[in-house]
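Peer 1: The following file, model09.cif, comprises mmCIF, C-alpha atoms:
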```cif
data_target
loop_
_atom_site.label_atom_id
_atom_site.label_comp_id
_atom_site.auth_asym_id
_atom_site.auth_seq_id
_atom_site.Cartn_x
_atom_site.Cartn_y
_atom_site.Cartn_z
CA MET U 277 0.00 0.00 0.00
CA ALA U 278 1.07 3.55 -0.68
CA TYR U 279 -0.60 6.91 -0.30
CA GLU U 280 -0.74 9.80 -2.75
CA THR U 281 -0.77 13.37 -1.39
CA SER U 282 -4.53 13.66 -1.98
CA GLU U 283 -5.07 10.67 0.35
CA PHE U 284 -3.17 12.22 3.27
CA ARG U 285 -5.21 12.20 6.49
CA ASN U 286 -4.38 12.79 10.12
CA GLY U 287 -3.30 9.57 11.78
CA LEU U 288 -2.15 7.93 8.54
CA LYS U 289 0.96 5.79 9.19
CA VAL U 290 3.64 6.26 6.54
CA GLU U 291 7.27 5.22 6.10
CA ILE U 292 9.97 7.82 5.38
CA GLU U 293 13.68 6.95 5.11
CA GLY U 294 13.19 3.72 7.00
CA ASN U 295 11.19 5.17 9.88
CA PRO U 296 7.48 4.94 10.64
CA TYR U 297 5.65 8.25 10.96
CA SER U 298 2.11 9.30 11.73
CA ILE U 299 0.65 12.34 9.92
CA VAL U 300 -0.39 14.84 12.58
CA TYR U 301 -1.11 17.83 10.28
CA PHE U 302 -1.57 18.35 6.56
CA GLN U 303 -2.53 21.31 4.42
CA PHE U 304 -2.91 21.75 0.67
CA VAL U 305 -1.00 24.82 -0.53
CA LYS U 306 -0.65 26.32 -3.98
CA PRO U 307 1.44 29.45 -4.41
CA GLY U 308 0.09 31.92 -6.98
CA LYS U 309 0.50 30.57 -10.53
CA GLY U 310 2.61 27.76 -9.09
CA THR U 311 2.53 24.02 -8.60
CA ALA U 312 0.55 22.51 -5.74
CA PHE U 313 2.07 21.06 -2.58
CA THR U 314 0.89 19.43 0.62
CA ARG U 315 2.54 20.73 3.76
CA THR U 316 2.73 18.12 6.53
CA LYS U 317 3.86 17.57 10.08
CA LEU U 318 4.83 14.00 10.84
CA LYS U 319 5.47 12.34 14.18
CA ASN U 320 8.18 9.71 14.32
CA LEU U 321 6.54 6.67 15.94
CA LEU U 322 9.87 5.44 17.33
CA THR U 323 11.20 8.66 18.86
CA GLY U 324 8.12 10.89 19.11
CA ALA U 325 10.01 13.67 17.28
CA VAL U 326 7.87 15.79 14.95
CA ILE U 327 9.27 16.79 11.55
CA GLU U 328 7.88 19.07 8.82
CA ARG U 329 7.91 17.97 5.21
CA THR U 330 6.46 19.40 2.01
CA TYR U 331 5.29 17.08 -0.76
CA ARG U 332 4.48 17.96 -4.34
CA THR U 333 0.97 16.99 -5.38
CA GLY U 334 1.12 13.45 -6.73
CA GLU U 335 4.12 12.37 -4.64
CA ILE U 336 3.67 9.01 -2.95
CA LEU U 337 4.55 7.76 0.53
CA ALA U 338 4.67 4.09 1.43
CA GLU U 339 2.38 2.80 4.13
CA ALA U 340 4.30 2.02 7.30
CA ASP U 341 4.13 -1.62 8.38
CA VAL U 342 2.75 -0.80 11.82
CA GLU U 343 0.08 -2.38 13.95
CA GLU U 344 -1.30 -1.49 17.35
CA GLN U 345 -2.34 -4.30 19.71
CA PRO U 346 -4.18 -4.16 23.03
CA MET U 347 -2.01 -5.91 25.65
CA GLN U 348 -1.82 -6.60 29.34
CA PHE U 349 1.36 -6.43 31.44
CA LEU U 350 2.20 -9.78 33.05
CA TYR U 351 5.66 -9.66 34.69
CA GLU U 352 9.22 -8.40 34.49
CA GLN U 353 12.29 -10.63 34.58
CA GLN U 354 15.86 -9.36 34.32
CA GLY U 355 14.91 -6.17 32.50
CA THR U 356 12.59 -7.89 30.05
CA TYR U 357 8.88 -7.16 30.25
CA THR U 358 6.31 -9.73 29.25
CA PHE U 359 2.93 -8.65 27.87
CA MET U 360 -0.06 -10.65 26.66
CA ASN U 361 -2.37 -9.76 23.78
CA THR U 362 -5.83 -9.49 25.35
CA GLU U 363 -7.51 -10.84 22.21
CA SER U 364 -5.20 -13.63 21.00
CA TYR U 365 -3.56 -14.35 24.43
CA GLU U 366 -0.25 -14.39 22.57
CA GLN U 367 2.69 -13.31 24.74
CA VAL U 368 5.51 -10.96 23.75
CA GLU U 369 8.70 -9.94 25.54
CA ILE U 370 9.66 -6.27 25.34
CA PRO U 371 13.09 -4.98 26.40
CA GLY U 372 13.11 -2.29 29.08
CA ASN U 373 14.63 0.38 26.81
CA VAL U 374 11.45 0.42 24.68
CA LEU U 375 9.46 1.32 27.79
CA GLY U 376 11.86 4.01 28.95
CA ASP U 377 10.72 5.95 32.01
CA ASP U 378 7.21 4.53 31.66
CA LYS U 379 8.19 1.21 33.23
CA VAL U 380 7.73 2.59 36.75
CA PHE U 381 3.98 2.65 36.13
CA LEU U 382 3.67 -1.01 35.13
CA MET U 383 1.53 -3.14 37.39
CA GLU U 384 0.26 -6.66 36.89
CA ASN U 385 -2.74 -6.71 34.51
CA LEU U 386 -2.30 -3.05 33.45
CA GLU U 387 -3.83 -2.66 29.98
CA VAL U 388 -1.62 -0.89 27.47
CA SER U 389 -1.40 -0.42 23.73
CA VAL U 390 1.71 -1.84 22.04
CA LEU U 391 2.86 -0.54 18.65
CA PHE U 392 4.56 -3.04 16.37
CA TYR U 393 6.72 -1.90 13.47
CA LYS U 394 7.71 -4.70 11.08
CA SER U 395 6.48 -7.14 13.77
CA ARG U 396 8.83 -5.64 16.40
CA ALA U 397 7.41 -3.89 19.47
CA VAL U 398 8.63 -0.30 19.29
CA ASN U 399 6.38 1.66 21.59
CA VAL U 400 4.09 1.06 24.57
CA THR U 401 1.32 3.54 25.29
CA LEU U 402 0.07 3.53 28.87
CA PRO U 403 -3.42 4.55 29.92
CA ASN U 404 -3.48 8.30 30.67
CA PHE U 405 -4.34 7.57 34.30
CA ILE U 406 -3.40 4.71 36.62
CA GLU U 407 -4.31 3.94 40.20
CA SER U 408 -1.73 2.82 42.74
CA LYS U 409 -1.33 2.74 46.52
CA VAL U 410 1.24 4.81 48.40
CA ALA U 411 3.98 2.45 49.57
CA TRP U 412 6.00 5.10 51.37
CA THR U 413 5.74 8.78 52.15
CA GLU U 414 7.15 11.20 54.70
CA PRO U 415 4.90 11.80 57.69
CA ALA U 416 2.96 15.09 57.55
CA VAL U 417 4.64 18.03 59.23
CA LYS U 418 2.36 19.15 62.00
CA GLY U 419 1.04 22.69 61.83
CA ASN U 420 1.76 23.13 58.13
CA THR U 421 -1.67 23.40 56.50
CA SER U 422 -0.84 25.28 53.30
CA ASN U 423 -2.26 23.54 50.23
CA ASN U 424 0.75 24.34 48.13
CA ILE U 425 3.18 22.30 50.12
CA THR U 426 4.00 18.87 48.70
CA LYS U 427 6.17 15.99 49.85
CA ALA U 428 7.85 13.00 48.24
CA ALA U 429 6.05 9.65 47.95
CA LYS U 430 6.69 6.27 46.37
CA LEU U 431 3.86 4.17 44.92
CA GLU U 432 3.51 0.40 44.97
CA CYS U 433 3.99 0.31 41.19
CA GLY U 434 7.41 1.92 41.67
CA ALA U 435 6.77 5.50 40.57
CA GLU U 436 8.05 8.35 42.70
CA LEU U 437 6.21 11.66 42.76
CA GLN U 438 5.25 14.70 44.80
CA VAL U 439 1.93 14.48 46.65
CA PRO U 440 -0.03 16.88 48.87
CA ILE U 441 0.87 16.89 52.53
CA PHE U 442 -2.32 15.11 53.69
CA ILE U 443 -1.55 11.87 51.79
CA LYS U 444 -0.77 8.85 54.00
CA GLU U 445 0.87 5.48 53.34
CA GLY U 446 -1.78 3.05 52.03
CA ASP U 447 -3.87 5.75 50.30
CA LEU U 448 -5.01 4.87 46.76
CA LEU U 449 -4.02 7.64 44.31
CA LYS U 450 -4.98 8.52 40.75
CA VAL U 451 -1.86 9.48 38.77
CA ASP U 452 -1.44 11.05 35.33
CA THR U 453 1.17 9.00 33.45
CA ARG U 454 1.65 11.59 30.69
CA GLU U 455 3.62 14.05 32.74
CA GLY U 456 6.08 11.56 34.14
CA GLY U 457 3.75 10.89 37.09
CA ALA U 458 1.62 13.75 38.33
CA TYR U 459 -0.71 13.45 41.32
CA VAL U 460 -4.36 13.87 40.30
CA SER U 461 -6.47 12.88 43.32
CA ARG U 462 -6.91 10.57 46.29
CA LEU U 463 -9.53 7.85 45.72
CA MET V 8 -19.26 42.95 -0.31
CA ARG V 9 -21.27 46.11 -0.03
CA ALA V 10 -18.24 48.08 1.21
CA LEU V 11 -16.16 46.80 -1.73
CA ARG V 12 -18.82 47.65 -4.31
CA GLU V 13 -19.54 51.11 -2.88
CA ALA V 14 -15.83 51.96 -2.75
CA LEU V 15 -15.40 50.94 -6.40
CA TRP V 16 -18.52 52.73 -7.59
CA ALA V 17 -17.35 55.88 -5.79
CA GLN V 18 -14.10 55.74 -7.80
CA GLY V 19 -15.95 55.54 -11.13
CA PHE V 20 -15.55 51.78 -11.74
CA ILE V 21 -18.30 50.16 -13.81
CA GLU V 22 -19.46 46.73 -12.65
CA LEU V 23 -19.79 44.08 -15.35
CA GLU V 24 -21.31 40.63 -15.30
CA PRO V 25 -18.98 38.47 -17.40
CA PRO V 26 -20.01 35.03 -18.73
CA VAL V 27 -19.25 32.14 -16.37
CA LEU V 28 -19.48 29.49 -19.11
CA VAL V 29 -16.47 29.92 -21.42
CA ARG V 30 -14.56 28.17 -24.21
CA GLY V 31 -11.06 29.19 -23.06
CA PRO V 32 -10.83 28.72 -19.28
CA ALA V 33 -7.28 29.89 -18.51
CA LEU V 34 -3.72 30.47 -19.65
CA GLU V 35 -1.62 29.17 -16.73
CA ALA V 36 -0.48 25.56 -16.92
CA ASN V 37 -1.04 24.96 -13.19
CA LEU V 38 -4.72 25.95 -13.28
CA GLU V 39 -7.20 23.09 -13.48
CA PRO V 40 -10.56 24.13 -14.95
CA VAL V 41 -13.94 22.48 -14.33
CA ARG V 42 -15.67 21.14 -17.46
CA ALA V 43 -19.31 21.97 -18.12
CA GLY V 44 -20.67 20.10 -21.13
CA ASP V 45 -18.55 21.06 -24.14
CA ALA V 46 -17.36 24.28 -22.43
CA TYR V 47 -15.72 25.20 -19.11
CA LEU V 48 -16.65 27.17 -16.01
CA HIS V 49 -14.30 30.14 -15.92
CA THR V 50 -11.32 30.11 -13.54
CA SER V 51 -11.40 33.94 -13.47
CA PRO V 52 -13.28 36.66 -15.41
CA GLU V 53 -9.99 37.92 -16.89
CA PHE V 54 -10.52 37.09 -20.57
CA ALA V 55 -14.05 38.55 -20.66
CA LEU V 56 -13.05 41.73 -18.85
CA LYS V 57 -10.15 42.27 -21.26
CA ARG V 58 -12.62 42.24 -24.17
CA ALA V 59 -14.53 45.05 -22.38
CA LEU V 60 -11.30 46.99 -21.74
CA ALA V 61 -10.33 46.68 -25.39
CA ALA V 62 -13.80 47.94 -26.33
CA GLY V 63 -13.02 51.15 -24.47
CA LEU V 64 -14.31 50.90 -20.89
CA PRO V 65 -11.50 52.49 -18.79
CA ARG V 66 -12.29 51.32 -15.22
CA ILE V 67 -14.19 48.08 -14.72
CA PHE V 68 -14.70 45.38 -12.14
CA ALA V 69 -16.63 42.16 -11.53
CA ILE V 70 -17.42 40.22 -8.35
CA VAL V 71 -18.17 36.69 -9.52
CA PRO V 72 -18.02 33.03 -8.53
CA CYS V 73 -15.00 31.25 -10.05
CA PHE V 74 -14.27 27.54 -10.26
CA ARG V 75 -11.13 25.43 -9.90
CA GLY V 76 -10.94 21.69 -10.38
CA GLU V 77 -7.91 21.20 -8.15
CA GLU V 78 -7.51 19.75 -4.71
CA HIS V 79 -9.33 21.67 -2.05
CA GLY V 80 -8.51 22.53 1.53
CA ALA V 81 -8.78 25.19 4.19
CA HIS V 82 -7.65 27.87 1.72
CA HIS V 83 -9.04 26.46 -1.53
CA GLY V 84 -12.67 25.98 -2.48
CA ALA V 85 -13.96 24.42 -5.71
CA GLU V 86 -16.12 27.52 -6.00
CA PHE V 87 -14.99 30.86 -4.61
CA THR V 88 -15.77 34.53 -5.08
CA MET V 89 -13.35 36.72 -6.98
CA LEU V 90 -13.16 40.47 -7.28
CA GLU V 91 -11.30 41.45 -10.43
CA LEU V 92 -10.69 45.07 -11.42
CA TYR V 93 -8.91 46.89 -14.26
CA LEU V 94 -7.50 50.42 -14.49
CA SER V 95 -6.55 52.07 -17.78
CA ASN V 96 -3.50 54.34 -18.18
CA ALA V 97 -1.93 52.61 -15.23
CA ASN V 98 0.76 50.11 -14.35
CA TYR V 99 0.87 47.43 -11.66
CA LEU V 100 2.09 49.83 -8.96
CA ASP V 101 -1.03 51.98 -9.44
CA LEU V 102 -3.11 49.01 -8.26
CA ILE V 103 -1.60 49.27 -4.78
CA ASP V 104 -3.39 52.50 -3.78
CA VAL V 105 -6.74 51.32 -5.16
CA VAL V 106 -6.56 47.96 -3.40
CA GLU V 107 -5.28 49.36 -0.09
CA GLY V 108 -8.26 51.72 -0.19
CA LEU V 109 -10.63 48.79 -0.79
CA VAL V 110 -9.12 46.69 2.01
CA GLY V 111 -9.42 49.71 4.30
CA GLN V 112 -13.12 50.09 3.45
CA ALA V 113 -13.72 46.37 3.98
CA ALA V 114 -11.81 46.50 7.29
CA SER V 115 -13.95 49.33 8.65
CA ALA V 116 -17.09 47.53 7.45
CA VAL V 117 -16.22 44.54 9.65
CA GLY V 118 -14.89 46.76 12.45
CA VAL V 119 -11.17 45.99 12.37
CA THR V 120 -8.22 48.36 12.04
CA THR V 121 -7.02 49.17 8.55
CA PRO V 122 -3.83 47.21 7.97
CA THR V 123 -0.63 48.84 6.76
CA PHE V 124 1.26 47.01 4.04
CA ARG V 125 4.96 46.60 3.46
CA ARG V 126 6.44 46.12 -0.03
CA VAL V 127 9.10 43.57 -0.88
CA THR V 128 10.42 42.15 -4.16
CA VAL V 129 10.70 38.45 -4.94
CA ALA V 130 14.49 38.92 -5.23
CA GLN V 131 14.60 40.36 -1.69
CA LEU V 132 12.54 37.44 -0.34
CA PHE V 133 15.03 34.98 -1.83
CA GLY V 134 17.99 37.06 -0.57
CA GLY V 135 19.02 37.87 -4.15
CA ASP V 136 19.28 34.20 -5.09
CA ILE V 137 16.14 33.26 -7.04
CA PRO V 138 16.14 29.54 -7.94
CA GLU V 139 16.65 28.89 -11.64
CA ASN V 140 13.92 26.29 -12.04
CA ASP V 141 10.29 26.62 -11.04
CA ASP V 142 10.28 23.38 -9.03
CA ASP V 143 12.93 24.70 -6.63
CA PHE V 144 11.31 28.12 -6.66
CA TYR V 145 7.90 26.85 -5.56
CA ARG V 146 9.27 24.33 -3.07
CA GLN V 147 11.31 27.00 -1.31
CA TRP V 148 8.33 29.34 -1.55
CA VAL V 149 6.09 26.87 0.24
CA GLU V 150 8.66 25.72 2.80
CA ARG V 151 10.45 28.94 3.65
CA ILE V 152 9.05 32.11 2.13
CA ASP V 153 5.27 31.83 2.31
CA PRO V 154 5.25 30.92 6.05
CA ALA V 155 7.16 34.17 6.75
CA LEU V 156 4.56 36.32 4.95
CA ALA V 157 2.24 36.77 7.92
CA ALA V 158 2.23 40.60 7.97
CA PRO V 159 0.24 42.41 5.24
CA THR V 160 2.68 42.48 2.31
CA TRP V 161 2.88 43.36 -1.37
CA VAL V 162 5.24 41.01 -3.18
CA LEU V 163 6.57 42.64 -6.37
CA ASP V 164 8.49 41.68 -9.51
CA TYR V 165 8.27 37.98 -10.26
CA PRO V 166 10.79 36.19 -12.52
CA SER V 167 9.88 36.78 -16.18
CA ARG V 168 9.11 33.08 -16.76
CA GLN V 169 6.30 33.40 -14.17
CA ALA V 170 4.77 36.39 -15.94
CA ALA V 171 1.43 34.72 -16.80
CA LEU V 172 -0.40 37.69 -18.37
CA ALA V 173 2.00 40.40 -17.17
CA GLU V 174 4.25 42.74 -19.14
CA ILE V 175 7.93 41.82 -18.87
CA ARG V 176 10.54 44.46 -18.04
CA GLY V 177 14.09 43.11 -18.27
CA PRO V 178 14.45 40.06 -15.99
CA VAL V 179 11.19 40.65 -14.12
CA ALA V 180 7.49 40.50 -14.81
CA GLU V 181 5.46 43.51 -13.68
CA ARG V 182 3.42 41.29 -11.45
CA LEU V 183 2.47 41.67 -7.79
CA GLU V 184 0.75 39.59 -5.16
CA LEU V 185 -0.99 40.67 -2.00
CA TYR V 186 -0.49 38.68 1.23
CA MET V 187 -2.40 39.20 4.43
CA GLY V 188 -2.89 37.04 7.50
CA GLY V 189 -0.62 34.41 5.90
CA LEU V 190 -3.01 34.14 2.95
CA GLU V 191 -2.35 34.97 -0.67
CA LEU V 192 -5.20 37.37 -1.39
CA GLY V 193 -4.58 38.60 -4.89
CA ASN V 194 -2.49 38.69 -8.02
CA GLY V 195 -2.07 41.69 -10.30
CA PHE V 196 -0.24 42.66 -13.48
CA SER V 197 0.74 45.47 -15.73
CA GLU V 198 -1.36 43.83 -18.43
CA LEU V 199 0.37 42.34 -21.43
CA GLY V 200 -0.60 44.35 -24.52
CA ASP V 201 0.88 42.15 -27.24
CA GLY V 202 -1.46 39.56 -28.76
CA GLU V 203 1.31 37.60 -30.52
CA GLU V 204 3.30 37.39 -27.29
CA LEU V 205 0.14 36.08 -25.61
CA ARG V 206 -0.21 33.47 -28.37
CA ALA V 207 3.36 32.37 -27.67
CA ARG V 208 2.58 32.09 -23.93
CA PHE V 209 -0.50 29.93 -24.73
CA ALA V 210 1.79 27.65 -26.75
CA GLU V 211 4.32 27.45 -23.91
CA SER V 212 1.57 26.65 -21.40
CA ALA V 213 0.19 23.95 -23.73
CA GLY V 214 3.68 22.40 -23.88
CA GLN V 215 3.91 22.36 -20.08
CA ARG V 216 0.42 20.84 -19.83
CA VAL V 217 1.40 18.04 -22.20
CA ARG V 218 4.58 17.35 -20.21
CA MET V 219 2.41 17.21 -17.05
CA GLY V 220 0.15 14.65 -18.75
CA ARG V 221 -2.77 17.09 -18.80
CA GLU V 222 -4.96 18.34 -21.60
CA PRO V 223 -3.79 21.76 -22.89
CA HIS V 224 -6.18 24.67 -22.31
CA PRO V 225 -8.08 25.65 -25.48
CA VAL V 226 -6.74 28.93 -26.89
CA ASP V 227 -9.14 31.87 -26.59
CA GLU V 228 -8.68 33.69 -29.93
CA GLY V 229 -10.94 36.51 -28.72
CA VAL V 230 -8.62 37.43 -25.88
CA ILE V 231 -5.57 37.35 -28.16
CA GLU V 232 -7.31 39.82 -30.47
CA ALA V 233 -8.48 41.98 -27.53
CA THR V 234 -4.99 41.98 -25.97
CA SER V 235 -3.54 43.70 -29.07
CA ARG V 236 -6.10 46.48 -28.71
CA LEU V 237 -5.72 47.01 -24.93
CA PRO V 238 -4.84 50.46 -23.66
CA ARG V 239 -1.90 50.59 -21.22
CA CYS V 240 -3.60 49.08 -18.19
CA ALA V 241 -3.26 47.11 -14.97
CA GLY V 242 -5.54 44.61 -13.33
CA ILE V 243 -5.78 42.55 -10.16
CA ALA V 244 -7.86 39.61 -8.94
CA ILE V 245 -8.66 39.35 -5.24
CA GLY V 246 -10.11 36.32 -3.48
CA VAL V 247 -13.04 37.81 -1.58
CA ASP V 248 -13.43 34.75 0.68
CA ARG V 249 -9.77 34.96 1.69
CA LEU V 250 -10.04 38.71 2.25
CA VAL V 251 -12.90 38.04 4.68
CA MET V 252 -10.80 35.29 6.33
CA ALA V 253 -7.82 37.66 6.71
CA LEU V 254 -10.00 40.39 8.20
CA THR V 255 -11.99 38.17 10.55
CA GLY V 256 -9.35 35.60 11.47
CA ALA V 257 -11.43 32.69 10.08
CA ARG V 258 -9.16 29.72 9.39
CA ASP V 259 -11.22 27.77 6.88
CA ILE V 260 -12.71 29.07 3.64
CA ARG V 261 -15.87 27.05 4.39
CA ASP V 262 -16.41 29.19 7.50
CA VAL V 263 -16.90 32.34 5.39
CA ARG V 264 -19.18 30.90 2.70
CA VAL V 265 -22.83 29.85 2.65
CA PRO V 266 -22.70 26.02 2.99
CA ARG V 267 -23.51 24.08 -0.17
#
```
Write the structure described by the file as structure tokens, please.
Peer 2:
Amino acid sequence: MAYETSEFRNGLKVEIEGNPYSIVYFQFVKPGKGTAFTRTKLKNLLTGAVIERTYRTGEILAEADVEEQPMQFLYEQQGTYTFMNTESYEQVEIPGNVLGDDKVFLMENLEVSVLFYKSRAVNVTLPNFIESKVAWTEPAVKGNTSNNITKAAKLECGAELQVPIFIKEGDLLKVDTREGGAYVSRL
Amino acid sequence: MRALREALWAQGFIELEPPVLVRGPALEANLEPVRAGDAYLHTSPEFALKRALAAGLPRIFAIVPCFRGEEHGAHHGAEFTMLELYLSNANYLDLIDVVEGLVGQAASAVGVTTPTFRRVTVAQLFGGDIPENDDDFYRQWVERIDPALAAPTWVLDYPSRQAALAEIRGPVAERLELYMGGLELGNGFSELGDGEELRARFAESAGQRVRMGREPHPVDEGVIEATSRLPRCAGIAIGVDRLVMALTGARDIRDVRVPR
């Protein structure tokens, strides 16, 4: 499969110079009396970097061999993370470097989306929010009631973050995974 | 629309209603006309208005729907409204005052401040180094130059090979374009007054169309004949939808038109 400029849509997965990209923006432009172009912004699915490219009308981009699968985290062993496809029950091992800083949020049975490029897992997308209990936090400082004061805490999943002063060990917290672990609320 | 018409009437322009169904739809190789039976819908009223100029009307304009069979997007509709005007005994630089006056009238009609325009030549935009071939020219235009044209700007003096229907003076065509709000609003010329030169440009365009694998535009013999009889004159076409977008900040041409 390949796509011509007139078929460009947001979210289309294309291959450029051996890398998979997703189209995040496209616009048809035609300078006065000139030839037509499509201006695009493309997100590299491996690195997340966004590039800008301009294509002449009629130019063709190859479809990227990518597939997204719903998966569940099972366990970690020696830096390798095992996930299971929730539809086919097929298991796949993903090296820790693919997960990057996200691995601190992994808990047994957490449902994630795994992106495969040429049958190789290249990216794991976590849910935007996870819930985890506080495994450790500093005791509250008595007399300090300001809402702006935070303290360090560590969750059972492994993530470390700043929480409000009233949070106690054993509290169940809702955490935003997109900002490297931001406290949202106590449940 | 009313502000534009009243401003033109006040300056002695006569409004014409040119035919929309035409035999010769365009000159430029990169324009894609829409077929209508054995004729075409016009891509601009230029050829018809030139017949009227040649017949002796000195200041004329038309506000008409025009049609393009190209790809469409936020800045390009299949059908759009064009204001085209012609001034006799004038060159392309004389268009600037008239159009700035019109934009000012339109701006006060919608309650925004009248913009001030800067002037820059194509050579200045390219830093003195204009690409030799059109492919490089347009690619750099789209990637580098057009995105920097956010402020209201007159772009002057295009390379002679991009003259379209403009008079050529040395290496440059007496052609200008108006940019506002990052949109290309209009294109104007010192109008070519040589019918045989126009015939040669039709032939060149037909050659380009064939190389592009497209059908050449039929030659409009009437406009070739009229061109030879034109007084010294200048004309400009302005996209009314885009002018409204630039004045109101609308980002999609469909937001400023009645839905179809």
Peer 1: Could you list the residues in chain V lying within 10 Å of chain U, using all atoms listed in the file, and format the result as a ChimeraX atom specification?
Peer 2: /V:35-38,77-83,141-142,144-150,153,169-171,184,190-194
Peer 1: Taking 5 positions as the minimum chain separation for residues in the same chain, which residues sit within 8 Å of Gln438 of chain U when counting all atoms listed in the file? Answer as a PDB file with C-alpha atoms, keeping the file's coordinate frame.
Peer 2:
```
ATOM      1  CA  THR U 426       4.000  18.870  48.700  1.00  0.00           C
ATOM      2  CA  LYS U 427       6.170  15.990  49.850  1.00  0.00           C
ATOM      3  CA  ALA U 428       7.850  13.000  48.240  1.00  0.00           C
ATOM      4  CA  ALA U 429       6.050   9.650  47.950  1.00  0.00           C
ATOM      5  CA  ALA U 458       1.620  13.750  38.330  1.00  0.00           C
ATOM      6  CA  TYR U 459      -0.710  13.450  41.320  1.00  0.00           C
TER       7      TYR U 459
END
```
Peer 1: Neighbouring residues of Pro415 of chain U were defined as those with any atom within 9 Å, considering only C-alpha atoms; residues of the same chain fewer than 4 positions away were excluded. Please report them as an mmCIF file with C-alpha atoms, in the frame of the given file.
Peer 2:
```
data_model
loop_
_atom_site.group_PDB
_atom_site.id
_atom_site.type_symbol
_atom_site.label_atom_id
_atom_site.label_comp_id
_atom_site.auth_asym_id
_atom_site.auth_seq_id
_atom_site.Cartn_x
_atom_site.Cartn_y
_atom_site.Cartn_z
ATOM 1 C CA LYS U 427 6.170 15.990 49.850
ATOM 2 C CA ILE U 441 0.870 16.890 52.530
ATOM 3 C CA PHE U 442 -2.320 15.110 53.690
ATOM 4 C CA ILE U 443 -1.550 11.870 51.790
ATOM 5 C CA LYS U 444 -0.770 8.850 54.000
ATOM 6 C CA GLU U 445 0.870 5.480 53.340
#
```
Peer 1: Go ahead and compute the interatomic distance for atom CA of Gly446 of chain U and atom CA of Val410 of chain U, in Å to one decimal.
Peer 2: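 So the two atoms, atom CA of Gly446 of chain U and atom CA of Val410 of chain U, lie 5.0 Å apart.
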Peer 1: When the PyMOL selection byres ((chain V and resi 117) around 12) is applied to the file above, which residues end up in the set, as a list of chain:residue names?
Peer 2: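 Applying the PyMOL selection byres ((chain V and resi 117) around 12) to the structure shown produces V:Met8, V:Arg9, V:Ala10, V:Leu11, V:Val110, V:Gly111, V:Gln112, V:Ala113, V:Ala114, V:Ser115, V:Ala116, V:Gly118, V:Val119, V:Thr120, V:Thr121, V:Leu250, V:Val251, V:Met252, V:Ala253, V:Leu254, V:Thr255, V:Gly256.
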